[in-house]
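A.B. asks: The file below is input29.cif, mmCIF, N, CA and C atoms:
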```cif
data_entry
#
loop_
_atom_site.label_atom_id
_atom_site.label_comp_id
_atom_site.auth_asym_id
_atom_site.auth_seq_id
_atom_site.Cartn_x
_atom_site.Cartn_y
_atom_site.Cartn_z
N MET W 926 -14.70 5.58 -4.12
CA MET W 926 -13.37 5.61 -3.55
C MET W 926 -12.39 5.89 -4.68
N SER W 927 -11.42 6.72 -4.41
CA SER W 927 -10.40 6.99 -5.41
C SER W 927 -9.11 6.28 -5.05
N THR W 928 -8.30 6.07 -6.05
CA THR W 928 -6.98 5.50 -5.81
C THR W 928 -5.94 6.51 -6.22
N ILE W 929 -4.77 6.40 -5.65
CA ILE W 929 -3.71 7.36 -5.95
C ILE W 929 -2.62 6.66 -6.75
N ASP W 930 -2.31 7.22 -7.89
CA ASP W 930 -1.23 6.75 -8.74
C ASP W 930 -0.21 7.87 -8.79
N HIS W 931 1.01 7.61 -8.49
CA HIS W 931 2.03 8.66 -8.42
C HIS W 931 2.56 9.02 -9.80
N THR W 932 1.66 9.40 -10.69
CA THR W 932 2.03 9.84 -12.03
C THR W 932 2.51 11.27 -11.94
N SER W 933 3.61 11.57 -12.59
CA SER W 933 4.14 12.93 -12.51
C SER W 933 3.25 13.88 -13.29
N ALA W 934 3.32 15.16 -12.94
CA ALA W 934 2.51 16.18 -13.59
C ALA W 934 2.81 16.27 -15.08
N SER W 935 4.01 15.94 -15.48
CA SER W 935 4.37 16.00 -16.90
C SER W 935 3.69 14.90 -17.71
N ASP W 936 3.24 13.83 -17.04
CA ASP W 936 2.57 12.74 -17.73
C ASP W 936 1.16 13.10 -18.16
N SER W 937 0.50 13.97 -17.40
CA SER W 937 -0.87 14.34 -17.72
C SER W 937 -1.20 15.70 -17.13
N ASP W 938 -1.78 16.54 -17.96
CA ASP W 938 -2.20 17.85 -17.49
C ASP W 938 -3.71 17.98 -17.51
N ARG W 939 -4.42 16.93 -17.85
CA ARG W 939 -5.86 17.00 -18.04
C ARG W 939 -6.59 16.73 -16.74
N ILE W 940 -7.43 17.69 -16.36
CA ILE W 940 -8.33 17.51 -15.22
C ILE W 940 -9.71 17.96 -15.67
N ASP W 941 -10.67 17.07 -15.58
CA ASP W 941 -12.05 17.41 -15.91
C ASP W 941 -12.77 17.86 -14.65
N VAL W 942 -13.65 18.84 -14.81
CA VAL W 942 -14.44 19.36 -13.70
C VAL W 942 -15.90 19.05 -13.99
N LEU W 943 -16.52 18.31 -13.08
CA LEU W 943 -17.91 17.89 -13.25
C LEU W 943 -18.78 18.52 -12.17
N TYR W 944 -19.78 19.28 -12.58
CA TYR W 944 -20.70 19.93 -11.65
C TYR W 944 -21.95 19.08 -11.48
N ASN W 945 -22.38 18.91 -10.24
CA ASN W 945 -23.63 18.21 -9.95
C ASN W 945 -24.52 19.21 -9.20
N GLU W 946 -25.41 19.84 -9.94
CA GLU W 946 -26.27 20.87 -9.33
C GLU W 946 -27.23 20.26 -8.32
N LYS W 947 -27.71 19.06 -8.59
CA LYS W 947 -28.68 18.42 -7.68
C LYS W 947 -28.06 18.16 -6.31
N GLN W 948 -26.82 17.68 -6.29
CA GLN W 948 -26.16 17.37 -5.02
C GLN W 948 -25.28 18.52 -4.52
N GLN W 949 -25.17 19.59 -5.33
CA GLN W 949 -24.36 20.75 -4.98
C GLN W 949 -22.90 20.35 -4.71
N THR W 950 -22.33 19.59 -5.66
CA THR W 950 -20.93 19.16 -5.54
C THR W 950 -20.18 19.43 -6.85
N VAL W 951 -18.86 19.44 -6.72
CA VAL W 951 -17.97 19.55 -7.87
C VAL W 951 -16.97 18.40 -7.75
N THR W 952 -16.76 17.69 -8.86
CA THR W 952 -15.81 16.58 -8.87
C THR W 952 -14.70 16.92 -9.85
N PHE W 953 -13.47 16.80 -9.39
CA PHE W 953 -12.28 17.01 -10.22
C PHE W 953 -11.73 15.63 -10.54
N VAL W 954 -11.59 15.32 -11.83
CA VAL W 954 -11.18 14.00 -12.29
C VAL W 954 -9.90 14.11 -13.10
N ALA W 955 -8.87 13.37 -12.69
CA ALA W 955 -7.61 13.32 -13.44
C ALA W 955 -7.65 12.07 -14.30
N ASP W 956 -7.60 12.27 -15.61
CA ASP W 956 -7.66 11.15 -16.55
C ASP W 956 -6.27 10.94 -17.14
N HIS W 957 -5.53 9.98 -16.62
CA HIS W 957 -4.16 9.73 -17.05
C HIS W 957 -4.08 8.83 -18.27
N ASP W 958 -5.21 8.27 -18.67
CA ASP W 958 -5.24 7.39 -19.85
C ASP W 958 -5.74 8.20 -21.04
N GLU W 959 -4.82 8.76 -21.80
CA GLU W 959 -5.20 9.63 -22.92
C GLU W 959 -5.95 8.88 -24.01
N ASN W 960 -5.80 7.56 -24.09
CA ASN W 960 -6.48 6.77 -25.11
C ASN W 960 -7.93 6.47 -24.74
N GLY W 961 -8.28 6.70 -23.48
CA GLY W 961 -9.64 6.46 -23.05
C GLY W 961 -10.02 5.00 -22.95
N THR W 962 -9.03 4.14 -22.78
CA THR W 962 -9.32 2.70 -22.70
C THR W 962 -9.62 2.23 -21.29
N ARG W 963 -9.28 3.04 -20.29
CA ARG W 963 -9.56 2.70 -18.89
C ARG W 963 -10.29 3.86 -18.24
N PRO W 964 -11.14 3.59 -17.24
CA PRO W 964 -11.81 4.69 -16.55
C PRO W 964 -10.80 5.47 -15.70
N PRO W 965 -11.08 6.75 -15.43
CA PRO W 965 -10.19 7.54 -14.58
C PRO W 965 -10.04 6.90 -13.20
N THR W 966 -8.85 7.03 -12.63
CA THR W 966 -8.59 6.40 -11.33
C THR W 966 -8.34 7.39 -10.21
N GLU W 967 -8.35 8.68 -10.51
CA GLU W 967 -8.14 9.67 -9.47
C GLU W 967 -9.21 10.73 -9.55
N TRP W 968 -9.87 10.97 -8.42
CA TRP W 968 -10.87 12.03 -8.39
C TRP W 968 -11.09 12.49 -6.96
N ILE W 969 -11.67 13.67 -6.84
CA ILE W 969 -12.06 14.20 -5.54
C ILE W 969 -13.35 14.97 -5.74
N THR W 970 -14.30 14.78 -4.85
CA THR W 970 -15.58 15.47 -4.90
C THR W 970 -15.69 16.36 -3.68
N VAL W 971 -16.05 17.62 -3.90
CA VAL W 971 -16.17 18.59 -2.81
C VAL W 971 -17.49 19.34 -2.95
N PRO W 972 -17.99 19.89 -1.84
CA PRO W 972 -19.20 20.72 -1.92
C PRO W 972 -18.90 22.00 -2.71
N THR W 973 -19.86 22.46 -3.49
CA THR W 973 -19.65 23.67 -4.28
C THR W 973 -19.39 24.88 -3.40
N GLU W 974 -19.88 24.88 -2.19
CA GLU W 974 -19.72 26.03 -1.30
C GLU W 974 -18.26 26.29 -0.89
N ILE W 975 -17.39 25.29 -1.05
CA ILE W 975 -15.99 25.51 -0.68
C ILE W 975 -15.10 25.75 -1.90
N THR W 976 -15.70 25.82 -3.08
CA THR W 976 -14.92 26.08 -4.29
C THR W 976 -14.95 27.57 -4.64
N VAL W 977 -14.00 27.99 -5.43
CA VAL W 977 -13.89 29.38 -5.86
C VAL W 977 -13.82 29.41 -7.37
N ASP W 978 -14.63 30.24 -8.01
CA ASP W 978 -14.59 30.41 -9.45
C ASP W 978 -13.52 31.44 -9.78
N LEU W 979 -12.36 30.97 -10.22
CA LEU W 979 -11.23 31.86 -10.46
C LEU W 979 -11.50 32.84 -11.59
N GLU W 980 -12.34 32.45 -12.53
CA GLU W 980 -12.66 33.36 -13.64
C GLU W 980 -13.32 34.64 -13.12
N GLN W 981 -14.07 34.55 -12.06
CA GLN W 981 -14.72 35.73 -11.48
C GLN W 981 -13.72 36.65 -10.80
N HIS W 982 -12.54 36.14 -10.45
CA HIS W 982 -11.54 36.91 -9.71
C HIS W 982 -10.41 37.42 -10.59
N ARG W 983 -10.56 37.38 -11.90
CA ARG W 983 -9.50 37.86 -12.80
C ARG W 983 -9.54 39.35 -12.90
#
```
Can the structure from this file be put into structure tokens for me?
C.D. replies:
Amino acid sequence: MSTIDHTSASDSDRIDVLYNEKQQTVTFVADHDENGTRPPTEWITVPTEITVDLEQHR
């Protein structure tokens, strides 16, 4: 389960993308704690079939 923190975009621009080939999913994780002292609190996991690789469309 993810939680929503209304942190403004200027507070953090970092989003990690985690691929899970076994489960065929992609998880996008927003890490608002730049010091790494707390685990990330915002994420979303989606099936890879609904994602688009933008690098291929440049």
A.B. asks: Here's the selection I'm unsure about, the PyMOL selection byres ((chain W and resi 952) around 6); applied to the file above, which residues does it give, as a ChimeraX atom specification?
C.D. replies: /W:941-945,950-951,953-954,969-971
A.B. asks: What is the atom C of Asp956 of chain W-atom N of Gln981 of chain W distance in Å, reported with one decimal?
C.D. replies: 25.4 Å
A.B. asks: One decimal, Å: what's the distance from atom N of Glu946 of chain W over to atom C of Pro972 of chain W, could you say?
C.D. replies: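 Distance reported for this atom pair: 10.0 Å.
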A.B. asks: How far is it from atom C of Ile940 of chain W to atom N of His957 of chain W, in Å with one decimal?
C.D. replies: 9.1 Å
A.B. asks: Emit as AutoDock Vina command-line options the padded axis-aligned box for all listed atoms of segment 964-973 of chain W, 6 Å per side, with centre and edge lengths in Å to one decimal.
C.D. replies:
```
--center_x -14.0 --center_y 14.2 --center_z -9.5 --size_x 23.7 --size_y 33.3 --size_z 27.4
```
A.B. asks: Pick out the closest residue to Gln948 of chain W from this set: W:Leu979, W:Glu967, W:Thr973, W:Thr962. Count only C-alpha atoms.
C.D. replies: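 Among the listed residues, the smallest separation from Gln948 of chain W belongs to W:Thr973.
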